[in-house]
>>> print(open('protein-v8.txt').read())   # compact mmCIF, C-alpha atoms
# COMPACT_ATOMS: atom_id res chain seq x y z
CA MET H 189 16.11 80.14 -32.46
CA MET H 190 17.75 77.67 -30.07
CA MET H 191 20.49 75.36 -31.27
CA ILE H 192 20.75 71.87 -29.84
CA ALA H 193 24.19 70.33 -29.54
CA GLN H 194 24.42 66.85 -30.90
CA ILE H 195 26.99 64.50 -29.44
CA SER H 196 28.67 62.16 -31.88
CA PHE H 197 30.42 59.03 -30.63
CA PRO H 198 32.61 56.63 -32.58
CA GLN H 199 30.69 53.52 -33.58
CA LEU H 200 31.48 50.90 -30.96
CA SER H 201 29.39 47.89 -30.08
CA ILE H 202 27.88 47.45 -26.63
CA GLU H 203 30.29 44.58 -26.05
CA GLN H 204 33.29 46.75 -27.00
CA ILE H 205 32.25 49.49 -24.58
CA VAL H 206 31.68 46.97 -21.79
CA LEU H 207 35.08 45.35 -22.47
CA GLN H 208 36.71 48.78 -22.28
CA ILE H 209 34.97 49.44 -18.95
CA PHE H 210 36.12 46.08 -17.58
CA SER H 211 39.69 46.62 -18.77
CA THR H 212 39.97 49.98 -16.97
CA ARG H 213 37.63 49.02 -14.10
CA LYS H 214 36.10 52.50 -14.52
CA ILE H 215 33.00 53.88 -16.20
CA THR H 216 33.03 57.51 -17.30
CA ARG H 217 30.16 59.85 -18.08
CA THR H 218 31.03 59.40 -21.75
CA ASP H 219 30.77 55.61 -21.39
CA GLN H 220 27.42 56.05 -19.67
CA ARG H 221 26.11 58.34 -22.43
CA ARG H 222 27.31 55.97 -25.16
CA LEU H 223 25.64 52.98 -23.54
CA MET H 224 22.38 54.82 -22.90
CA SER H 225 22.31 56.14 -26.46
CA MET H 226 22.91 52.68 -27.89
CA LEU H 227 20.46 50.96 -25.58
CA LEU H 228 17.68 53.46 -26.28
CA ALA H 229 18.22 53.18 -30.05
CA LYS H 230 17.76 49.40 -30.07
CA ASP H 231 14.45 47.59 -30.25
CA PHE H 232 15.90 44.58 -28.42
CA LEU H 233 19.20 43.29 -27.05
CA SER H 234 20.85 40.04 -28.00
CA SER H 235 21.51 37.58 -25.20
CA GLU H 236 25.23 38.44 -25.41
CA GLU H 237 24.46 42.14 -25.01
CA GLN H 238 22.12 41.44 -22.09
CA ASN H 239 24.79 39.31 -20.40
CA SER H 240 27.44 42.00 -20.91
CA ILE H 241 25.23 44.71 -19.43
CA ASN H 242 24.20 42.48 -16.51
CA ARG H 243 27.84 41.61 -15.73
CA MET H 244 28.77 45.29 -15.81
CA PHE H 245 25.94 46.32 -13.48
CA GLU H 246 26.78 43.50 -11.08
CA SER H 247 30.42 44.64 -11.04
CA LEU H 248 29.29 48.22 -10.39
CA ARG H 249 27.11 47.03 -7.54
CA GLN H 250 29.98 45.03 -6.04
CA GLY H 251 32.38 47.96 -6.37
CA SER H 252 34.66 46.22 -8.89
CA ILE H 253 34.03 49.08 -11.35
CA LYS H 254 34.28 52.68 -10.22
CA VAL H 255 32.21 55.57 -11.57
CA VAL H 256 34.44 58.52 -12.54
CA ASP H 257 33.80 61.91 -14.15
>>> encode(input="protein-v8.txt", output="structure tokens")
Amino acid sequence: MMMIAQISFPQLSIEQIVLQIFSTRKITRTDQRRLMSMLLAKDFLSSEEQNSINRMFESLRQGSIKVVD
């Protein structure tokens, strides 16, 4: 029998995670996992959530936010 580890994250909103990323100007693997988990669990995103995600990706593309382990 194989056991599957389940990762539990504190309940933060997408906006809170994005604000944290902007405040540190870094995105960690944990941040990435949290966002992916939240995004995949939702049927749709609000316009505020879409704007937050778009701003974050644009900042990543421009190099304003660094990806760290």
>>> closest_residue(input="protein-v8.txt", among="H:Val206, H:Thr218, H:Ser211, H:Leu200", to="Val256 (chain H)", atoms="all atoms listed in the file")
H:Thr218
>>> atom_distance(input="protein-v8.txt", atom1="CA of Ile202 (chain H)", atom2="CA of Phe245 (chain H)")
13.3 Å
>>> closest_residue(input="protein-v8.txt", among="H:Gln250, H:Ile241, H:Gln208, H:Glu236", to="Met224 (chain H)", atoms="only C-alpha atoms")
H:Ile241
>>> residues_around(input="protein-v8.txt", residues="Gln238 (chain H)", least_positions_apart="6", cutoff="10 Å", atoms="all atoms listed in the file", output="compact mmCIF listing (two decimals) with C-alpha atoms, in the coordinates of the input")
# COMPACT_ATOMS: atom_id res chain seq x y z
CA ILE H 202 27.88 47.45 -26.63
CA GLU H 203 30.29 44.58 -26.05
CA PHE H 232 15.90 44.58 -28.42
CA MET H 244 28.77 45.29 -15.81
>>> closest_residue(input="protein-v8.txt", among="H:Arg221, H:Ile215, H:Glu237, H:Ser252", to="Ser201 (chain H)", atoms="all atoms listed in the file")
H:Glu237
>>> atom_distance(input="protein-v8.txt", atom1="CA of Arg249 (chain H)", atom2="CA of Ala229 (chain H)")
25.0 Å
>>> atom_distance(input="protein-v8.txt", atom1="CA of Arg222 (chain H)", atom2="CA of Ser235 (chain H)")
19.3 Å
>>> residues_near_point(input="protein-v8.txt", point="(36.1, 60.4, -11.0)", cutoff="10 Å", atoms="all atoms listed in the file", output="VMD selection string")
chain H and resid 214 to 217 254 to 257
>>> build_atoms(input="protein-v8.txt", residues="region 203-214 of chain H", atoms="all heavy atoms", output="PDB file, keeping the file's coordinate frame")
ATOM      1  N   GLU H 203      29.274  45.470 -26.605  1.00  0.00           N
ATOM      2  CA  GLU H 203      30.290  44.580 -26.050  1.00  0.00           C
ATOM      3  C   GLU H 203      31.653  45.259 -25.977  1.00  0.00           C
ATOM      4  O   GLU H 203      32.389  45.084 -25.003  1.00  0.00           O
ATOM      5  CB  GLU H 203      30.403  43.285 -26.870  1.00  0.00           C
ATOM      6  CG  GLU H 203      29.214  42.368 -26.731  1.00  0.00           C
ATOM      7  CD  GLU H 203      28.108  42.678 -27.737  1.00  0.00           C
ATOM      8  OE1 GLU H 203      28.247  43.641 -28.519  1.00  0.00           O
ATOM      9  OE2 GLU H 203      27.093  41.984 -27.720  1.00  0.00           O
ATOM     10  N   GLN H 204      32.001  46.053 -26.998  1.00  0.00           N
ATOM     11  CA  GLN H 204      33.290  46.750 -27.000  1.00  0.00           C
ATOM     12  C   GLN H 204      33.360  47.780 -25.869  1.00  0.00           C
ATOM     13  O   GLN H 204      34.387  47.905 -25.204  1.00  0.00           O
ATOM     14  CB  GLN H 204      33.525  47.449 -28.338  1.00  0.00           C
ATOM     15  CG  GLN H 204      33.825  46.498 -29.464  1.00  0.00           C
ATOM     16  CD  GLN H 204      33.853  47.208 -30.803  1.00  0.00           C
ATOM     17  OE1 GLN H 204      32.993  48.047 -31.100  1.00  0.00           O
ATOM     18  NE2 GLN H 204      34.846  46.877 -31.614  1.00  0.00           N
ATOM     19  N   ILE H 205      32.275  48.498 -25.654  1.00  0.00           N
ATOM     20  CA  ILE H 205      32.250  49.490 -24.580  1.00  0.00           C
ATOM     21  C   ILE H 205      32.367  48.797 -23.233  1.00  0.00           C
ATOM     22  O   ILE H 205      33.139  49.218 -22.364  1.00  0.00           O
ATOM     23  CB  ILE H 205      30.974  50.353 -24.653  1.00  0.00           C
ATOM     24  CG1 ILE H 205      30.982  51.176 -25.943  1.00  0.00           C
ATOM     25  CG2 ILE H 205      30.877  51.265 -23.429  1.00  0.00           C
ATOM     26  CD1 ILE H 205      29.687  51.890 -26.219  1.00  0.00           C
ATOM     27  N   VAL H 206      31.633  47.704 -23.052  1.00  0.00           N
ATOM     28  CA  VAL H 206      31.680  46.970 -21.790  1.00  0.00           C
ATOM     29  C   VAL H 206      33.087  46.399 -21.559  1.00  0.00           C
ATOM     30  O   VAL H 206      33.611  46.464 -20.456  1.00  0.00           O
ATOM     31  CB  VAL H 206      30.593  45.875 -21.743  1.00  0.00           C
ATOM     32  CG1 VAL H 206      30.772  44.980 -20.523  1.00  0.00           C
ATOM     33  CG2 VAL H 206      29.201  46.506 -21.731  1.00  0.00           C
ATOM     34  N   LEU H 207      33.713  45.866 -22.604  1.00  0.00           N
ATOM     35  CA  LEU H 207      35.080  45.350 -22.470  1.00  0.00           C
ATOM     36  C   LEU H 207      36.048  46.455 -22.057  1.00  0.00           C
ATOM     37  O   LEU H 207      36.936  46.245 -21.227  1.00  0.00           O
ATOM     38  CB  LEU H 207      35.543  44.716 -23.784  1.00  0.00           C
ATOM     39  CG  LEU H 207      35.002  43.338 -24.083  1.00  0.00           C
ATOM     40  CD1 LEU H 207      35.416  42.881 -25.480  1.00  0.00           C
ATOM     41  CD2 LEU H 207      35.463  42.328 -23.046  1.00  0.00           C
ATOM     42  N   GLN H 208      35.870  47.637 -22.641  1.00  0.00           N
ATOM     43  CA  GLN H 208      36.710  48.780 -22.280  1.00  0.00           C
ATOM     44  C   GLN H 208      36.516  49.132 -20.798  1.00  0.00           C
ATOM     45  O   GLN H 208      37.481  49.389 -20.080  1.00  0.00           O
ATOM     46  CB  GLN H 208      36.359  49.981 -23.160  1.00  0.00           C
ATOM     47  CG  GLN H 208      37.097  51.247 -22.806  1.00  0.00           C
ATOM     48  CD  GLN H 208      36.606  52.414 -23.646  1.00  0.00           C
ATOM     49  OE1 GLN H 208      36.268  52.259 -24.808  1.00  0.00           O
ATOM     50  NE2 GLN H 208      36.568  53.582 -23.041  1.00  0.00           N
ATOM     51  N   ILE H 209      35.273  49.132 -20.351  1.00  0.00           N
ATOM     52  CA  ILE H 209      34.970  49.440 -18.950  1.00  0.00           C
ATOM     53  C   ILE H 209      35.611  48.400 -18.038  1.00  0.00           C
ATOM     54  O   ILE H 209      36.231  48.746 -17.029  1.00  0.00           O
ATOM     55  CB  ILE H 209      33.442  49.518 -18.742  1.00  0.00           C
ATOM     56  CG1 ILE H 209      32.890  50.745 -19.470  1.00  0.00           C
ATOM     57  CG2 ILE H 209      33.093  49.546 -17.258  1.00  0.00           C
ATOM     58  CD1 ILE H 209      31.380  50.759 -19.617  1.00  0.00           C
ATOM     59  N   PHE H 210      35.507  47.123 -18.396  1.00  0.00           N
ATOM     60  CA  PHE H 210      36.120  46.080 -17.580  1.00  0.00           C
ATOM     61  C   PHE H 210      37.637  46.175 -17.580  1.00  0.00           C
ATOM     62  O   PHE H 210      38.271  45.909 -16.567  1.00  0.00           O
ATOM     63  CB  PHE H 210      35.677  44.683 -18.043  1.00  0.00           C
ATOM     64  CG  PHE H 210      34.387  44.231 -17.425  1.00  0.00           C
ATOM     65  CD1 PHE H 210      33.242  44.120 -18.195  1.00  0.00           C
ATOM     66  CD2 PHE H 210      34.308  43.915 -16.086  1.00  0.00           C
ATOM     67  CE1 PHE H 210      32.043  43.705 -17.636  1.00  0.00           C
ATOM     68  CE2 PHE H 210      33.110  43.505 -15.510  1.00  0.00           C
ATOM     69  CZ  PHE H 210      31.979  43.402 -16.293  1.00  0.00           C
ATOM     70  N   SER H 211      38.226  46.558 -18.702  1.00  0.00           N
ATOM     71  CA  SER H 211      39.690  46.620 -18.770  1.00  0.00           C
ATOM     72  C   SER H 211      40.249  47.750 -17.908  1.00  0.00           C
ATOM     73  O   SER H 211      41.326  47.615 -17.335  1.00  0.00           O
ATOM     74  CB  SER H 211      40.166  46.754 -20.215  1.00  0.00           C
ATOM     75  OG  SER H 211      39.868  48.022 -20.729  1.00  0.00           O
ATOM     76  N   THR H 212      39.500  48.852 -17.798  1.00  0.00           N
ATOM     77  CA  THR H 212      39.970  49.980 -16.970  1.00  0.00           C
ATOM     78  C   THR H 212      39.395  49.941 -15.561  1.00  0.00           C
ATOM     79  O   THR H 212      39.847  50.673 -14.692  1.00  0.00           O
ATOM     80  CB  THR H 212      39.576  51.327 -17.614  1.00  0.00           C
ATOM     81  OG1 THR H 212      38.152  51.411 -17.708  1.00  0.00           O
ATOM     82  CG2 THR H 212      40.212  51.492 -18.988  1.00  0.00           C
ATOM     83  N   ARG H 213      38.361  49.098 -15.376  1.00  0.00           N
ATOM     84  CA  ARG H 213      37.630  49.020 -14.100  1.00  0.00           C
ATOM     85  C   ARG H 213      37.038  50.373 -13.696  1.00  0.00           C
ATOM     86  O   ARG H 213      36.870  50.675 -12.527  1.00  0.00           O
ATOM     87  CB  ARG H 213      38.510  48.460 -12.992  1.00  0.00           C
ATOM     88  CG  ARG H 213      38.981  47.056 -13.262  1.00  0.00           C
ATOM     89  CD  ARG H 213      39.222  46.308 -11.988  1.00  0.00           C
ATOM     90  NE  ARG H 213      39.553  44.926 -12.240  1.00  0.00           N
ATOM     91  CZ  ARG H 213      38.670  43.943 -12.336  1.00  0.00           C
ATOM     92  NH1 ARG H 213      37.400  44.188 -12.226  1.00  0.00           N
ATOM     93  NH2 ARG H 213      39.050  42.710 -12.561  1.00  0.00           N
ATOM     94  N   LYS H 214      36.713  51.183 -14.731  1.00  0.00           N
ATOM     95  CA  LYS H 214      36.100  52.500 -14.520  1.00  0.00           C
ATOM     96  C   LYS H 214      35.049  52.722 -15.599  1.00  0.00           C
ATOM     97  O   LYS H 214      35.207  52.288 -16.732  1.00  0.00           O
ATOM     98  CB  LYS H 214      37.147  53.612 -14.641  1.00  0.00           C
ATOM     99  CG  LYS H 214      38.223  53.557 -13.598  1.00  0.00           C
ATOM    100  CD  LYS H 214      39.245  54.636 -13.860  1.00  0.00           C
ATOM    101  CE  LYS H 214      40.408  54.489 -12.891  1.00  0.00           C
ATOM    102  NZ  LYS H 214      41.512  55.372 -13.255  1.00  0.00           N
TER     103      LYS H 214
END
